[in-house]
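Presented below is the structure to which this report refers.
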Amino acid sequence: MEDASKIADRKDRLIERELVPRGVTDKAVLDAIRKVPREEFISPELRPKAYANVPLEIPSGQTISQPLIVGLMSQLAQVNPGDRVLEVGTGSGYQTAILVELGAEVYSIERIEGLGQSAKKSLSRLGYNQVHLKIGDGYLGWPEAAPFSAIVVTAAPPIVPEALRVQLKEGGRLVIPVGEAGHQVLEVHRRVGGEFIREHHGNVSFVPMKTGILNL
Ligand code: SAH
């Protein structure tokens, strides 16, 4: 087990050298990144890389995004305490925990059963018991729990799913990587009046968003 002060130093270095200079400056987001132990969401042999600014492999061929991207997406989601937030692509549960630390009431959907189950274990071991998790197809969103103040999608569909946009509250933000591998753009769709305003936030690289449920 690594020394807590060494881990704290690594987190500070990650934040000061990689996140703040690239635009992640929201204090609540940086505090959440300081608080959530990323090493608890990855396999033991990857732990030395927990606070490097790199994506890491999780089971079933999926990845946990690099901390910079988690920070940017969390910041773009503009979460206020008490907000209801939907996450599509629970994966390891790391981003889920960040959203909980931002004070959100989190609903998170994962399509691969084994990943959803292990995320549930990691989250409850760390005391994040208040999260609503389900195995399902994120293309459908979570209509029973809608509307959401923010929706954060951590896998890339070829085009923005309309079912997700309509589950936004007035003023709500959908933060989503869109496009085919190699050509993905991070987009924010904001619901304003009866319309959606789209912003572009640079190129990103995510695993593809797929349809249906997998019993792996
Ligand atoms: N937020 C995660 C990132 C995991 S990678 C983390 O912090 O670890 C993206 C995840 O999206 C994968 O686990 C993948 O299985 C899941 N996914 C892909 N398409 C999906 C869909 N239609 N519905 C729900 N989850 C989906």
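Residues in the structure tokens are named by chain (A, B, ... in the order shown) and by number from 1 within that chain; ligands are numbered from 1 in the order shown.
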Could you list, as a PyMOL selection string, all the residues within 7 Å of ligand 1, counting only C-alpha atoms and all ligand atoms?
chain A and resi 62-65+88-96+109-112+115+136-139+154-155+207-212
What is the distance between atom CA of Ile7 of chain A and atom CA of Leu72 of chain A, in Å to one decimal?
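One can read the atom CA of Ile7 of chain A to atom CA of Leu72 of chain A distance as 21.7 Å.
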Counting only C-alpha atoms, what is within 8 Å of segment 185-196 of chain A, bar same-chain residues fewer than 4 positions away, as a PyMOL selection string?
chain A and resi 76+165+168-179+200-204
Please give the complete set of residues from segment 184-215 of chain A that DSSP, run on the backbone, assigns to strand (DSSP E), formatted as a VMD selection string.
chain A and resid 184 to 192 195 to 204
Extract, using only C-alpha atoms, all DNA, RNA and protein residues at most 10 Å from Leu126 of chain A, discarding same-chain residues fewer than 3 positions from it, and format them as a PDB file with C-alpha atoms, in the first residue's frame.
```pdb
ATOM      1  CA  VAL A  36     -11.591  10.179  -5.466  1.00  0.00           C
ATOM      2  CA  PRO A  37      -8.951   7.406  -5.337  1.00  0.00           C
ATOM      3  CA  GLU A  40      -9.253   1.881  -6.539  1.00  0.00           C
ATOM      4  CA  ALA A  97     -17.609   8.864  -8.141  1.00  0.00           C
ATOM      5  CA  LYS A 121     -18.672  -3.147  -5.820  1.00  0.00           C
ATOM      6  CA  SER A 122     -15.941  -0.502  -6.111  1.00  0.00           C
ATOM      7  CA  LEU A 123     -18.387   2.333  -5.505  1.00  0.00           C
ATOM      8  CA  ASN A 129     -23.814   3.917  -1.979  1.00  0.00           C
TER       9      ASN A 129
END
```
Alpha helix (DSSP H) positions in segment 22-92 of chain A, given as an mmCIF file with N, CA, C and O atoms, in the first residue's frame:
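Generated file (selection_27.cif):
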```
data_model
loop_
_atom_site.group_PDB
_atom_site.id
_atom_site.type_symbol
_atom_site.label_atom_id
_atom_site.label_comp_id
_atom_site.auth_asym_id
_atom_site.auth_seq_id
_atom_site.Cartn_x
_atom_site.Cartn_y
_atom_site.Cartn_z
ATOM 1 N N LYS A 27 -12.881 24.826 -9.176
ATOM 2 C CA LYS A 27 -12.368 24.350 -7.895
ATOM 3 C C LYS A 27 -13.071 23.077 -7.415
ATOM 4 O O LYS A 27 -12.427 22.151 -6.906
ATOM 5 N N ALA A 28 -14.388 23.028 -7.606
ATOM 6 C CA ALA A 28 -15.130 21.848 -7.155
ATOM 7 C C ALA A 28 -14.667 20.604 -7.921
ATOM 8 O O ALA A 28 -14.533 19.514 -7.341
ATOM 9 N N VAL A 29 -14.387 20.761 -9.209
ATOM 10 C CA VAL A 29 -13.931 19.620 -10.013
ATOM 11 C C VAL A 29 -12.537 19.188 -9.555
ATOM 12 O O VAL A 29 -12.266 17.983 -9.372
ATOM 13 N N LEU A 30 -11.654 20.144 -9.329
ATOM 14 C CA LEU A 30 -10.295 19.790 -8.883
ATOM 15 C C LEU A 30 -10.342 19.130 -7.500
ATOM 16 O O LEU A 30 -9.625 18.150 -7.242
ATOM 17 N N ASP A 31 -11.210 19.624 -6.630
ATOM 18 C CA ASP A 31 -11.352 19.000 -5.302
ATOM 19 C C ASP A 31 -11.856 17.561 -5.428
ATOM 20 O O ASP A 31 -11.405 16.662 -4.714
ATOM 21 N N ALA A 32 -12.802 17.360 -6.353
ATOM 22 C CA ALA A 32 -13.340 16.004 -6.543
ATOM 23 C C ALA A 32 -12.240 15.066 -7.046
ATOM 24 O O ALA A 32 -12.119 13.923 -6.592
ATOM 25 N N ILE A 33 -11.411 15.567 -7.969
ATOM 26 C CA ILE A 33 -10.315 14.737 -8.494
ATOM 27 C C ILE A 33 -9.312 14.428 -7.379
ATOM 28 O O ILE A 33 -8.779 13.321 -7.292
ATOM 29 N N ARG A 34 -9.099 15.397 -6.494
ATOM 30 C CA ARG A 34 -8.219 15.148 -5.343
ATOM 31 C C ARG A 34 -8.787 14.091 -4.422
ATOM 32 O O ARG A 34 -8.058 13.319 -3.821
ATOM 33 N N LYS A 35 -10.102 14.078 -4.311
ATOM 34 C CA LYS A 35 -10.740 13.222 -3.322
ATOM 35 C C LYS A 35 -10.919 11.760 -3.770
ATOM 36 O O LYS A 35 -10.763 10.837 -2.966
ATOM 37 N N PRO A 67 -7.338 11.560 -16.876
ATOM 38 C CA PRO A 67 -7.876 12.514 -15.902
ATOM 39 C C PRO A 67 -8.225 13.874 -16.515
ATOM 40 O O PRO A 67 -9.220 14.488 -16.127
ATOM 41 N N LEU A 68 -7.449 14.336 -17.499
ATOM 42 C CA LEU A 68 -7.758 15.616 -18.139
ATOM 43 C C LEU A 68 -9.165 15.608 -18.748
ATOM 44 O O LEU A 68 -9.924 16.572 -18.606
ATOM 45 N N ILE A 69 -9.506 14.522 -19.416
ATOM 46 C CA ILE A 69 -10.814 14.445 -20.078
ATOM 47 C C ILE A 69 -11.940 14.326 -19.039
ATOM 48 O O ILE A 69 -12.999 14.947 -19.176
ATOM 49 N N VAL A 70 -11.690 13.544 -17.996
ATOM 50 C CA VAL A 70 -12.691 13.448 -16.913
ATOM 51 C C VAL A 70 -12.916 14.839 -16.320
ATOM 52 O O VAL A 70 -14.052 15.269 -16.099
ATOM 53 N N GLY A 71 -11.814 15.573 -16.106
ATOM 54 C CA GLY A 71 -11.911 16.917 -15.544
ATOM 55 C C GLY A 71 -12.672 17.863 -16.464
ATOM 56 O O GLY A 71 -13.573 18.573 -16.030
ATOM 57 N N LEU A 72 -12.320 17.835 -17.762
ATOM 58 C CA LEU A 72 -12.989 18.734 -18.714
ATOM 59 C C LEU A 72 -14.476 18.434 -18.816
ATOM 60 O O LEU A 72 -15.309 19.343 -18.786
ATOM 61 N N MET A 73 -14.811 17.149 -18.912
ATOM 62 C CA MET A 73 -16.229 16.794 -19.062
ATOM 63 C C MET A 73 -17.014 17.157 -17.805
ATOM 64 O O MET A 73 -18.137 17.651 -17.884
ATOM 65 N N SER A 74 -16.403 16.946 -16.649
ATOM 66 C CA SER A 74 -17.093 17.263 -15.392
ATOM 67 C C SER A 74 -17.307 18.768 -15.292
ATOM 68 O O SER A 74 -18.354 19.231 -14.836
ATOM 69 N N GLN A 75 -16.313 19.528 -15.742
ATOM 70 C CA GLN A 75 -16.424 20.981 -15.706
ATOM 71 C C GLN A 75 -17.516 21.456 -16.687
ATOM 72 O O GLN A 75 -18.327 22.315 -16.341
ATOM 73 N N LEU A 76 -17.530 20.880 -17.889
ATOM 74 C CA LEU A 76 -18.533 21.275 -18.884
ATOM 75 C C LEU A 76 -19.956 20.911 -18.431
ATOM 76 O O LEU A 76 -20.925 21.554 -18.822
ATOM 77 N N ALA A 77 -20.076 19.888 -17.598
ATOM 78 C CA ALA A 77 -21.397 19.470 -17.110
ATOM 79 C C ALA A 77 -21.970 20.491 -16.122
ATOM 80 O O ALA A 77 -23.174 20.504 -15.870
#
```
In terms of the shortest atom-to-atom distance over only C-alpha atoms, which of A:Ala119, A:Leu216, A:Val131, A:Ala181 is closest to Pro157 of chain A?
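With only C-alpha atoms as the atom set, the closest residue is A:Ala181.
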For atom CA of Val85 of chain A and atom CA of Lys134 of chain A, the interatomic separation in Å (one decimal)
14.0 Å
